[in-house]
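Q: My structure file input00.txt, compact mmCIF, C-alpha atoms and all ligand atoms, is below:
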```
# COMPACT_ATOMS: atom_id res chain seq x y z
CA MET A 1 108.45 85.17 28.56
CA THR A 2 108.63 88.92 27.83
CA GLU A 3 107.93 90.33 24.37
CA ASP A 4 111.65 91.06 23.92
CA GLN A 5 112.45 87.43 24.78
CA ALA A 6 109.85 86.25 22.26
CA ARG A 7 111.39 88.50 19.59
CA GLN A 8 114.86 87.06 20.35
CA ALA A 9 113.51 83.50 20.28
CA ILE A 10 112.10 84.12 16.78
CA ILE A 11 115.48 85.43 15.55
CA ASP A 12 117.36 82.53 17.17
CA LEU A 13 115.05 80.02 15.51
CA ALA A 14 115.31 81.73 12.12
CA LEU A 15 119.11 81.71 12.40
CA SER A 16 119.10 78.00 13.28
CA MET A 17 117.13 76.98 10.17
CA THR A 18 120.17 77.03 7.86
CA GLY A 19 122.16 74.81 10.24
CA HIS A 20 119.28 72.35 10.31
CA GLY A 21 119.44 72.15 6.50
CA ILE A 22 115.92 73.48 6.04
CA ASN A 23 116.64 76.98 4.72
CA HIS A 24 119.27 79.33 3.32
CA GLY A 25 119.93 83.08 3.23
CA SER A 26 116.98 85.31 4.04
CA ALA A 27 114.44 82.90 2.54
CA GLY A 28 111.50 81.84 4.67
CA ASN A 29 109.87 83.56 7.64
CA VAL A 30 109.00 82.79 11.25
CA SER A 31 106.23 84.01 13.54
CA MET A 32 104.80 83.47 17.00
CA ARG A 33 101.35 84.25 18.36
CA TRP A 34 101.65 87.24 20.67
CA ASN A 35 98.61 88.96 22.11
CA ARG A 36 98.94 92.45 23.50
CA GLY A 37 96.53 93.51 26.28
CA GLY A 38 93.36 92.15 24.70
CA GLY A 39 94.58 92.56 21.12
CA ASP A 40 95.12 89.25 19.32
CA GLY A 41 98.24 89.31 17.22
CA PHE A 42 101.59 87.82 16.31
CA LEU A 43 105.27 88.69 16.03
CA VAL A 44 106.83 88.02 12.62
CA THR A 45 110.22 88.35 10.96
CA PRO A 46 110.72 91.44 8.76
CA SER A 47 110.75 91.18 4.97
CA ALA A 48 113.99 90.54 3.09
CA LEU A 49 116.30 91.27 6.03
CA PRO A 50 119.04 88.62 6.47
CA TYR A 51 118.45 86.95 9.82
CA ASP A 52 122.03 87.63 10.95
CA GLN A 53 121.32 91.36 10.64
CA CYS A 54 118.01 91.13 12.46
CA THR A 55 117.68 92.59 15.98
CA ILE A 56 114.67 92.40 18.27
CA ASP A 57 113.56 95.87 17.13
CA ASP A 58 113.25 94.59 13.53
CA ILE A 59 110.59 92.02 14.47
CA VAL A 60 107.13 93.30 13.53
CA TRP A 61 103.89 92.93 15.53
CA MET A 62 100.62 92.55 13.63
CA SER A 63 97.06 92.32 14.87
CA VAL A 64 94.92 89.29 14.00
CA ALA A 65 91.42 90.41 14.85
CA ALA A 66 91.25 93.55 12.71
CA HIS A 67 89.95 93.31 9.13
CA GLU A 68 92.84 95.50 7.98
CA PRO A 69 95.57 94.25 10.32
CA VAL A 70 97.41 96.85 12.36
CA ILE A 71 101.16 96.72 11.69
CA ASP A 72 103.51 97.89 14.44
CA GLY A 73 107.19 97.97 13.59
CA ARG A 74 109.97 99.98 11.98
CA ARG A 75 110.34 97.34 9.25
CA ARG A 76 107.87 95.90 6.77
CA PRO A 77 106.52 92.53 7.95
CA SER A 78 107.35 89.39 5.99
CA SER A 79 105.79 89.51 2.54
CA GLU A 80 103.97 86.32 3.63
CA TRP A 81 102.19 88.03 6.53
CA ARG A 82 98.85 87.06 4.95
CA PHE A 83 99.19 83.33 5.53
CA HIS A 84 100.67 83.91 8.99
CA HIS A 85 97.71 86.20 9.76
CA ASP A 86 95.12 83.83 8.31
CA LEU A 87 96.51 80.76 10.07
CA TYR A 88 96.44 82.55 13.46
CA ALA A 89 92.91 83.77 12.70
CA HIS A 90 91.58 80.31 11.80
CA ARG A 91 93.77 77.83 13.66
CA ALA A 92 93.69 77.94 17.47
CA ASP A 93 96.39 75.23 17.47
CA ALA A 94 98.86 77.54 15.71
CA GLN A 95 101.05 79.22 18.30
CA ALA A 96 104.04 79.47 15.95
CA ILE A 97 104.66 79.17 12.21
CA VAL A 98 107.85 78.25 10.35
CA HIS A 99 107.98 78.74 6.57
CA THR A 100 111.12 77.68 4.72
CA HIS A 101 112.52 76.85 1.30
CA ALA A 102 113.78 73.46 2.53
CA PRO A 103 115.54 71.94 -0.51
CA HIS A 104 113.89 68.51 -0.71
CA CYS A 105 110.45 69.94 0.08
CA ALA A 106 110.93 72.62 -2.58
CA ALA A 107 112.16 70.08 -5.15
CA LEU A 108 109.26 67.68 -4.57
CA ALA A 109 106.80 70.60 -4.66
CA CYS A 110 107.80 71.25 -8.29
CA LEU A 111 106.63 67.78 -9.43
CA PRO A 112 103.15 67.50 -11.01
CA ARG A 113 102.57 64.23 -9.14
CA ILE A 114 103.29 65.84 -5.76
CA GLN A 115 101.15 68.86 -6.61
CA ARG A 116 98.26 66.44 -7.32
CA GLU A 117 98.76 63.89 -4.55
CA GLY A 118 101.06 65.41 -1.94
CA ILE A 119 103.33 63.08 0.01
CA PRO A 120 101.39 59.84 0.55
CA ALA A 121 101.59 57.41 3.47
CA PHE A 122 104.94 55.92 2.43
CA HIS A 123 106.24 56.11 6.04
CA TYR A 124 104.35 56.19 9.33
CA MET A 125 105.92 59.56 10.29
CA VAL A 126 103.74 61.22 7.62
CA ALA A 127 101.07 61.09 10.35
CA LEU A 128 103.07 63.61 12.40
CA ALA A 129 101.61 66.31 10.14
CA GLY A 130 98.14 65.26 11.29
CA GLY A 131 96.72 62.95 8.60
CA HIS A 132 97.21 60.21 6.02
CA ASP A 133 99.18 62.45 3.66
CA ILE A 134 100.94 65.81 3.47
CA ARG A 135 99.25 68.06 0.93
CA CYS A 136 100.89 70.45 -1.49
CA ALA A 137 99.27 73.89 -1.68
CA PRO A 138 98.80 74.98 -5.33
CA TYR A 139 101.12 77.66 -6.65
CA ALA A 140 100.33 81.36 -6.36
CA THR A 141 102.71 84.33 -6.36
CA PHE A 142 104.51 84.79 -3.05
CA GLY A 143 102.90 87.26 -0.67
CA THR A 144 99.43 87.11 -2.24
CA GLN A 145 96.04 86.42 -0.69
CA ALA A 146 95.64 83.64 -3.26
CA LEU A 147 98.69 81.87 -1.80
CA SER A 148 97.33 82.29 1.71
CA ASP A 149 93.98 80.81 0.64
CA HIS A 150 95.76 77.81 -0.93
CA VAL A 151 97.88 77.31 2.20
CA LEU A 152 94.85 77.42 4.49
CA ALA A 153 93.04 74.81 2.39
CA ALA A 154 96.10 72.52 2.26
CA MET A 155 96.47 72.85 6.04
CA ALA A 156 92.92 71.67 6.81
CA ASP A 157 93.33 68.99 9.55
CA ARG A 158 97.10 69.20 9.07
CA ARG A 159 100.03 70.85 10.84
CA ALA A 160 102.31 71.09 7.78
CA CYS A 161 102.14 71.28 4.00
CA LEU A 162 104.29 71.70 0.91
CA MET A 163 103.88 74.78 -1.30
CA ALA A 164 104.08 74.25 -5.06
CA HIS A 165 107.20 75.76 -6.70
CA HIS A 166 108.03 77.33 -3.36
CA GLY A 167 108.73 75.35 -0.18
CA MET A 168 106.90 74.28 2.97
CA LEU A 169 105.44 75.43 6.23
CA ALA A 170 104.74 73.95 9.65
CA ILE A 171 102.75 75.15 12.63
CA GLY A 172 103.11 74.11 16.25
CA ALA A 173 102.11 74.68 19.86
CA SER A 174 105.46 76.48 20.28
CA LEU A 175 108.36 77.73 18.16
CA GLU A 176 110.28 74.56 19.05
CA ALA A 177 107.39 72.31 17.99
CA ALA A 178 106.96 74.11 14.65
CA LEU A 179 110.72 73.86 13.99
CA ALA A 180 110.81 70.16 14.92
CA LEU A 181 107.94 69.43 12.51
CA ALA A 182 109.63 71.45 9.73
CA ILE A 183 112.83 69.41 10.22
CA GLU A 184 110.81 66.17 10.16
CA LEU A 185 108.99 67.23 6.99
CA GLU A 186 112.29 67.88 5.22
CA TRP A 187 113.49 64.41 6.28
CA LEU A 188 110.26 62.89 4.93
CA ALA A 189 110.61 64.81 1.65
CA ARG A 190 114.21 63.66 1.20
CA THR A 191 113.37 60.06 2.03
CA TYR A 192 110.30 60.03 -0.21
CA ALA A 193 112.38 61.42 -3.08
CA GLN A 194 114.87 58.58 -2.54
CA THR A 195 112.11 55.97 -2.64
CA LEU A 196 110.85 57.46 -5.93
CA GLN A 197 114.36 57.11 -7.39
CA LEU A 198 114.43 53.47 -6.25
CA GLY A 199 111.23 52.63 -8.10
CA GLY A 200 108.54 54.01 -5.78
CA PRO A 201 107.45 52.97 -2.29
CA ALA A 202 104.71 50.67 -1.09
CA LEU A 203 102.12 52.63 0.89
CA LEU A 204 100.69 52.06 4.36
CA SER A 205 96.95 51.38 4.52
CA ALA A 206 94.43 53.95 5.75
CA GLN A 207 93.69 51.61 8.67
CA GLU A 208 97.36 51.55 9.69
CA MET A 209 97.66 55.35 9.41
CA ASP A 210 94.59 55.70 11.67
CA ARG A 211 96.34 53.43 14.19
CA VAL A 212 99.49 55.59 14.05
CA LEU A 213 97.46 58.80 14.44
CA GLU A 214 95.80 57.28 17.51
CA LYS A 215 99.19 56.34 19.01
CA PHE A 216 100.62 59.81 18.27
CA SER A 217 97.78 61.40 20.24
CA SER A 218 99.42 60.14 23.46
CA TYR A 219 103.08 59.96 22.30
CA ARG A 220 105.03 62.34 24.53
CA PRO A 221 107.85 62.16 27.10
P1 LIG B 1 110.11 87.60 3.29
O1 LIG B 1 111.58 87.97 3.44
O2 LIG B 1 109.30 88.80 2.83
O3 LIG B 1 109.60 86.96 4.54
O4 LIG B 1 109.98 86.58 2.10
C1 LIG B 1 110.71 85.39 2.09
C2 LIG B 1 109.94 84.26 1.51
O5 LIG B 1 110.31 83.14 1.69
C3 LIG B 1 108.72 84.53 0.70
O6 LIG B 1 107.99 83.36 0.54
```
Could I get this structure in the form of structure tokens?
A:
Amino acid sequence: MTEDQARQAIIDLALSMTGHGINHGSAGNVSMRWNRGGGDGFLVTPSALPYDQCTIDDIVWMSVAAHEPVIDGRRRPSSEWRFHHDLYAHRADAQAIVHTHAPHCAALACLPRIQREGIPAFHYMVALAGGHDIRCAPYATFGTQALSDHVLAAMADRRACLMAHHGMLAIGASLEAALALAIELEWLARTYAQTLQLGGPALLSAQEMDRVLEKFSSYRP
């Protein structure tokens, strides 16, 4: 894949998020790890630009290794570049990141109970995010280092999390994997919300979730 193809793949994915029901308008942001000749970095969507007006030249490259990241682009990077940067710096398994304002994730992430407990093991697919639950990162103003710090903590041993009063994010080994997990998380959030309306779900045991995690480790085509 060339850098131009990677830039186009990011735009195509960002455009597809609305159709998948996990985003709207110019909300959210998408990035992909992209190293340039020895320089660790990533490509990220520009800030505030509607995805249908975005061309490959609007995608911004940022360095990961530098203390003050180098920014290369004609646009400003996503206001959330800090958590993209910090996840690439600390998570070798993050090759792509999808952050959206998926409606059911965002709604759940406004509830005190979810902010305390996250989404518990009400369904075995919760394990797809990497553990027995899906945490909710505490609220901080968008684009701040405080929000990035909260996201990193909520993502410990996980591939996805909710963000209080905000939305969600998912990482993956590829853009497609991060998108698939984001779609799954929105399905889980919607289904969990339905179970709460019906009186609240029974939960799977820690032992059963360990069994599912073990099976997922070899679940592939
Ligand atoms: P950007 O357009 O700056 O990426 O911001 C969108 C967003 O969702 C902030 O959390």
Q: Write out as a tab-separated table a residue-level contact list of segment 87-140 of chain A versus segment 167-170 of chain A with cut-off 6 Å: for each qualifying residue the closest pair of atoms and the distance in Å to one decimal, counting all atoms listed in the file, rows sorted by chain and residue number upward.
A:
```
residue	atom	partner	partner_atom	distance
A:Ile97	CA	A:Ala170	CA	5.8
A:Val98	CA	A:Ala170	CA	5.4
A:His99	CA	A:Leu169	CA	4.2
A:Thr100	CA	A:Met168	CA	5.7
A:His101	CA	A:Gly167	CA	4.3
A:Cys105	CA	A:Gly167	CA	5.7
A:Ala106	CA	A:Gly167	CA	4.2
```
Q: Name each residue within 9 Å of ligand LIG 1 (chain B), counting all atoms listed in the file, as a PDB file with C-alpha atoms, keeping the file's coordinate frame.
A:
```
ATOM      1  CA  SER A  26     116.980  85.310   4.040  1.00  0.00           C
ATOM      2  CA  ALA A  27     114.440  82.900   2.540  1.00  0.00           C
ATOM      3  CA  GLY A  28     111.500  81.840   4.670  1.00  0.00           C
ATOM      4  CA  ASN A  29     109.870  83.560   7.640  1.00  0.00           C
ATOM      5  CA  VAL A  30     109.000  82.790  11.250  1.00  0.00           C
ATOM      6  CA  VAL A  44     106.830  88.020  12.620  1.00  0.00           C
ATOM      7  CA  THR A  45     110.220  88.350  10.960  1.00  0.00           C
ATOM      8  CA  PRO A  46     110.720  91.440   8.760  1.00  0.00           C
ATOM      9  CA  SER A  47     110.750  91.180   4.970  1.00  0.00           C
ATOM     10  CA  ALA A  48     113.990  90.540   3.090  1.00  0.00           C
ATOM     11  CA  LEU A  49     116.300  91.270   6.030  1.00  0.00           C
ATOM     12  CA  PRO A  50     119.040  88.620   6.470  1.00  0.00           C
ATOM     13  CA  ARG A  76     107.870  95.900   6.770  1.00  0.00           C
ATOM     14  CA  PRO A  77     106.520  92.530   7.950  1.00  0.00           C
ATOM     15  CA  SER A  78     107.350  89.390   5.990  1.00  0.00           C
ATOM     16  CA  SER A  79     105.790  89.510   2.540  1.00  0.00           C
ATOM     17  CA  GLU A  80     103.970  86.320   3.630  1.00  0.00           C
ATOM     18  CA  TRP A  81     102.190  88.030   6.530  1.00  0.00           C
ATOM     19  CA  HIS A  99     107.980  78.740   6.570  1.00  0.00           C
ATOM     20  CA  THR A 100     111.120  77.680   4.720  1.00  0.00           C
ATOM     21  CA  HIS A 101     112.520  76.850   1.300  1.00  0.00           C
ATOM     22  CA  THR A 141     102.710  84.330  -6.360  1.00  0.00           C
ATOM     23  CA  PHE A 142     104.510  84.790  -3.050  1.00  0.00           C
ATOM     24  CA  GLY A 143     102.900  87.260  -0.670  1.00  0.00           C
ATOM     25  CA  HIS A 166     108.030  77.330  -3.360  1.00  0.00           C
ATOM     26  CA  GLY A 167     108.730  75.350  -0.180  1.00  0.00           C
TER      27      GLY A 167
END
```
Q: Set the distance at 10 Å and use all atoms listed in the file: which residues neighbour Ala66 of chain A once local chain neighbours fewer than 6 positions away are removed? I'd like the list as a PDB file with C-alpha atoms, in the frame of the given file.
A:
```pdb
ATOM      1  CA  GLY A  39      94.580  92.560  21.120  1.00  0.00           C
ATOM      2  CA  ASP A  40      95.120  89.250  19.320  1.00  0.00           C
ATOM      3  CA  GLY A  41      98.240  89.310  17.220  1.00  0.00           C
ATOM      4  CA  ALA A  89      92.910  83.770  12.700  1.00  0.00           C
TER       5      ALA A  89
END
```
Q: For the atom pair atom CA of Gly73 of chain A and atom CA of Asp4 of chain A, what is the interatomic distance in Å to one decimal place?
A: 13.2 Å
Q: Could you pull the residues within 10 Å of Asp149 of chain A, counting all atoms listed in the file, minus those fewer than 3 positions along the same chain, as a ChimeraX atom specification?
A: /A:82-83,86-87,137-138,140,144-146,152-155
Q: Closest to Pro103 of chain A among A:Ala180, A:Leu162, A:Ala6, A:Ala202, using all atoms listed in the file?
A: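 Of all the options, A:Leu162 lies closest to Pro103 of chain A.
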Q: Interatomic distance between atom CA of Pro201 of chain A and atom CA of Ala160 of chain A?
A: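 Atom CA of Pro201 of chain A sits 21.4 Å away from atom CA of Ala160 of chain A.
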Q: What is the atom CA of Leu196 of chain A to atom CA of Glu208 of chain A distance in Å?
A: 21.5 Å
Q: Contacts of Ala127 of chain A at 9 Å or less, counting only C-alpha atoms, minus same-chain residues fewer than 6 places along, as a list in words?
A: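 In the requested format, the answer is Ala121, Asp133, Ile134, Met209, Asp210, Val212, Leu213 and Phe216 of chain A.
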Q: A:Ala164, A:Ala65, A:Ile22, A:Ala206: which is nearest Ala102 of chain A, counting only C-alpha atoms?
A: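 The closest residue to Ala102 of chain A is A:Ile22.
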Q: Just checking: using only C-alpha atoms, which residue out of A:Pro221, A:Gly19, A:Pro112, A:Gly38 ends up closest to Tyr139 of chain A?
A: A:Pro112
Q: Leaving out Leu128 of chain A and any residue of its chain fewer than 2 positions from it, which residues lie within 9 Å of it when counting all atoms listed in the file, given as a PyMOL selection string?
A: chain A and resi 124-126+130-131+158-160+181+184-185+212-213+216
